[in-house]
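A.B. asks: Before I ask anything, here is the structure I am working with.
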Amino acid sequence: MGLFSALLGNAGAVNQETLVKDYGKLLITGEEIELGFKLIRDTFIFTNKRGITGSKIEYKSITYKSISRFSVETAGTFDLEAELKIWVSSEAHPSIVKQFNKSVNVYDVQNVLAHHVLK
C-alpha cells in the first residue's frame, strides 16, 4: 500500500501471516482469519466467526449475526477502488465505513460478508 493511498484513506490488503502475528491473541479456539486490511493505524479483519476492526488502543468485534446489511460501492467495473459500508442491527447509518484501494479485490470482501451474514 502506498503512502499516498494511505493518506487518502484507502485500505490495502495485509497478508495473513502478519495478521495472525499481530492479532492472533484476539482469536478464540477454532477462529481463523480469512481477510485483513490496513489503513494507517487501523486494521479491519474478517474471521470465520466475526469482523474485527481496531487501532493500537481499541478493538471492536462485530458478530456476523448482528450485521443487518452491507454494501460495496465501486466507481465502475474496471475501477476496483471501493467503499464498504456495514450496518449493525437497525441503525439508520452505517456503523462502519471503510475505503479500499485497488490492491484489494472488493469482491472477496463482499463474498466473505455474504457467506457469513446470509447463512
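Following the order of the C-alpha cells, first chain is A, next is B, and so on, with residues numbered from 1 inside each chain and ligands from 1 in the order they appear.
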Applying 6 Å and only C-alpha atoms, which residues near Val88 of chain A remain after dropping the ones on its own chain fewer than 2 positions away? List them as a ChimeraX atom specification.
C.D. replies: /A:66-68
A.B. asks: How about saving the chosen residues, N, CA and C atoms kept, as a PDB file, in the first residue's frame?
C.D. replies:
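Result saved to again_30.pdb:
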```
ATOM      1  N   SER A  66     -25.161  -9.867  13.892  1.00  0.00           N
ATOM      2  CA  SER A  66     -25.657  -8.530  14.223  1.00  0.00           C
ATOM      3  C   SER A  66     -25.627  -7.580  13.022  1.00  0.00           C
ATOM      4  N   ILE A  67     -25.030  -8.008  11.912  1.00  0.00           N
ATOM      5  CA  ILE A  67     -24.986  -7.175  10.705  1.00  0.00           C
ATOM      6  C   ILE A  67     -26.325  -7.292   9.986  1.00  0.00           C
ATOM      7  N   SER A  68     -27.021  -6.163   9.860  1.00  0.00           N
ATOM      8  CA  SER A  68     -28.334  -6.180   9.209  1.00  0.00           C
ATOM      9  C   SER A  68     -28.219  -6.022   7.697  1.00  0.00           C
TER      10      SER A  68
END
```
A.B. asks: Show me, as a PyMOL selection string, the residues that have an atom within 9 Å of Val106 of chain A when counting only C-alpha atoms, minus same-chain residues fewer than 6 positions from it.
C.D. replies: chain A and resi 72-74+80-84+100
A.B. asks: Any chance you can output those residues with N, CA and C atoms as an mmCIF file, in the first residue's frame?
C.D. replies:
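Final output, saved to result_2.cif:
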```
data_model
loop_
_atom_site.group_PDB
_atom_site.id
_atom_site.type_symbol
_atom_site.label_atom_id
_atom_site.label_comp_id
_atom_site.auth_asym_id
_atom_site.auth_seq_id
_atom_site.Cartn_x
_atom_site.Cartn_y
_atom_site.Cartn_z
ATOM 1 N N VAL A 72 -21.077 -2.681 -0.952
ATOM 2 C CA VAL A 72 -19.769 -2.424 -1.531
ATOM 3 C C VAL A 72 -20.020 -1.571 -2.757
ATOM 4 N N GLU A 73 -19.456 -0.369 -2.770
ATOM 5 C CA GLU A 73 -19.629 0.536 -3.908
ATOM 6 C C GLU A 73 -18.311 0.699 -4.638
ATOM 7 N N THR A 74 -18.371 0.574 -5.968
ATOM 8 C CA THR A 74 -17.198 0.846 -6.796
ATOM 9 C C THR A 74 -17.571 1.925 -7.800
ATOM 10 N N LEU A 80 -11.438 -0.712 -9.310
ATOM 11 C CA LEU A 80 -11.689 -1.516 -8.126
ATOM 12 C C LEU A 80 -11.517 -0.753 -6.820
ATOM 13 N N GLU A 81 -11.315 0.577 -6.874
ATOM 14 C CA GLU A 81 -11.349 1.330 -5.633
ATOM 15 C C GLU A 81 -12.782 1.285 -5.155
ATOM 16 N N ALA A 82 -12.978 1.031 -3.875
ATOM 17 C CA ALA A 82 -14.339 0.787 -3.403
ATOM 18 C C ALA A 82 -14.529 1.283 -1.982
ATOM 19 N N GLU A 83 -15.795 1.387 -1.609
ATOM 20 C CA GLU A 83 -16.168 1.772 -0.258
ATOM 21 C C GLU A 83 -17.065 0.672 0.305
ATOM 22 N N LEU A 84 -16.749 0.228 1.511
ATOM 23 C CA LEU A 84 -17.540 -0.784 2.212
ATOM 24 C C LEU A 84 -18.327 -0.101 3.313
ATOM 25 N N PHE A 100 -11.330 1.138 0.302
ATOM 26 C CA PHE A 100 -10.335 0.157 -0.129
ATOM 27 C C PHE A 100 -9.692 0.619 -1.424
#
```
A.B. asks: For Asp22 of chain A, list every protein, DNA or RNA residue within 12 Å, evaluated using only C-alpha atoms, and leave out those in the same chain fewer than 3 positions away; present the list as number ranges by chain.
C.D. replies: A: 14-19, 25-27, 33, 36, 38, 43, 45, 54-56
A.B. asks: Could you go through segment 20-100 of chain A and tell me which residues DSSP, when run on the backbone, assigns to alpha helix (DSSP H), listing them as a ChimeraX atom specification?
C.D. replies: /A:20-23
A.B. asks: Taking all heavy atoms for each residue, export the selection above as a PDB file, in the first residue's frame.
C.D. replies:
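Output saved as selection18.pdb:
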```
ATOM      1  N   VAL A  20      -2.048 -12.747  11.766  1.00  0.00           N
ATOM      2  CA  VAL A  20      -2.041 -13.743  12.848  1.00  0.00           C
ATOM      3  C   VAL A  20      -1.016 -13.349  13.901  1.00  0.00           C
ATOM      4  O   VAL A  20      -1.280 -13.416  15.103  1.00  0.00           O
ATOM      5  CB  VAL A  20      -1.780 -15.159  12.303  1.00  0.00           C
ATOM      6  CG1 VAL A  20      -1.509 -16.140  13.431  1.00  0.00           C
ATOM      7  CG2 VAL A  20      -2.953 -15.628  11.444  1.00  0.00           C
ATOM      8  N   LYS A  21       0.165 -12.896  13.459  1.00  0.00           N
ATOM      9  CA  LYS A  21       1.215 -12.476  14.393  1.00  0.00           C
ATOM     10  C   LYS A  21       0.751 -11.295  15.241  1.00  0.00           C
ATOM     11  O   LYS A  21       0.933 -11.273  16.457  1.00  0.00           O
ATOM     12  CB  LYS A  21       2.472 -12.106  13.619  1.00  0.00           C
ATOM     13  CG  LYS A  21       3.614 -11.623  14.484  1.00  0.00           C
ATOM     14  CD  LYS A  21       4.790 -11.199  13.630  1.00  0.00           C
ATOM     15  CE  LYS A  21       5.770 -10.403  14.471  1.00  0.00           C
ATOM     16  NZ  LYS A  21       6.477  -9.404  13.719  1.00  0.00           N
ATOM     17  N   ASP A  22       0.128 -10.305  14.611  1.00  0.00           N
ATOM     18  CA  ASP A  22      -0.255  -9.080  15.314  1.00  0.00           C
ATOM     19  C   ASP A  22      -1.571  -9.205  16.091  1.00  0.00           C
ATOM     20  O   ASP A  22      -1.750  -8.525  17.107  1.00  0.00           O
ATOM     21  CB  ASP A  22      -0.375  -7.923  14.321  1.00  0.00           C
ATOM     22  CG  ASP A  22       0.968  -7.537  13.712  1.00  0.00           C
ATOM     23  OD1 ASP A  22       2.025  -7.948  14.260  1.00  0.00           O
ATOM     24  OD2 ASP A  22       0.965  -6.835  12.689  1.00  0.00           O
ATOM     25  N   TYR A  23      -2.505 -10.024  15.602  1.00  0.00           N
ATOM     26  CA  TYR A  23      -3.848 -10.053  16.196  1.00  0.00           C
ATOM     27  C   TYR A  23      -4.298 -11.432  16.640  1.00  0.00           C
ATOM     28  O   TYR A  23      -5.434 -11.604  17.073  1.00  0.00           O
ATOM     29  CB  TYR A  23      -4.869  -9.462  15.203  1.00  0.00           C
ATOM     30  CG  TYR A  23      -4.536  -8.048  14.847  1.00  0.00           C
ATOM     31  CD1 TYR A  23      -3.835  -7.741  13.681  1.00  0.00           C
ATOM     32  CD2 TYR A  23      -4.870  -7.005  15.707  1.00  0.00           C
ATOM     33  CE1 TYR A  23      -3.498  -6.436  13.367  1.00  0.00           C
ATOM     34  CE2 TYR A  23      -4.534  -5.696  15.403  1.00  0.00           C
ATOM     35  CZ  TYR A  23      -3.843  -5.422  14.229  1.00  0.00           C
ATOM     36  OH  TYR A  23      -3.510  -4.139  13.938  1.00  0.00           O
TER      37      TYR A  23
END
```
A.B. asks: Atom CA of Gly51 of chain A to atom CA of Val109 of chain A: how many Å, to one decimal?
C.D. replies: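 Atom CA of Val109 of chain A lies 11.1 Å from atom CA of Gly51 of chain A.
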A.B. asks: Of the candidates A:Gln110, A:Thr63, A:Ser103, A:Thr47, which one gets nearest to Ser89 of chain A if we count only C-alpha atoms?
C.D. replies: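 Nearest to Ser89 of chain A: A:Thr63.
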A.B. asks: Taking the DSSP secondary structure from the backbone, can you list the residues of segment 14-92 of chain A that are strand (DSSP E or B), as a VMD selection string?
C.D. replies: chain A and resid 33 to 39 42 to 47 50 to 54 59 to 63 67 to 76 79 to 88
A.B. asks: Nearest residue to Thr29 of chain A out of A:Gln99, A:Pro94, A:Val104, A:Lys49, using only C-alpha atoms?
C.D. replies: A:Lys49
A.B. asks: Work out how far apart atom CA of Lys102 of chain A and atom CA of Glu34 of chain A are and give it in Å to one decimal.
C.D. replies: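 Calculated distance between atom CA of Lys102 of chain A and atom CA of Glu34 of chain A is 18.7 Å.
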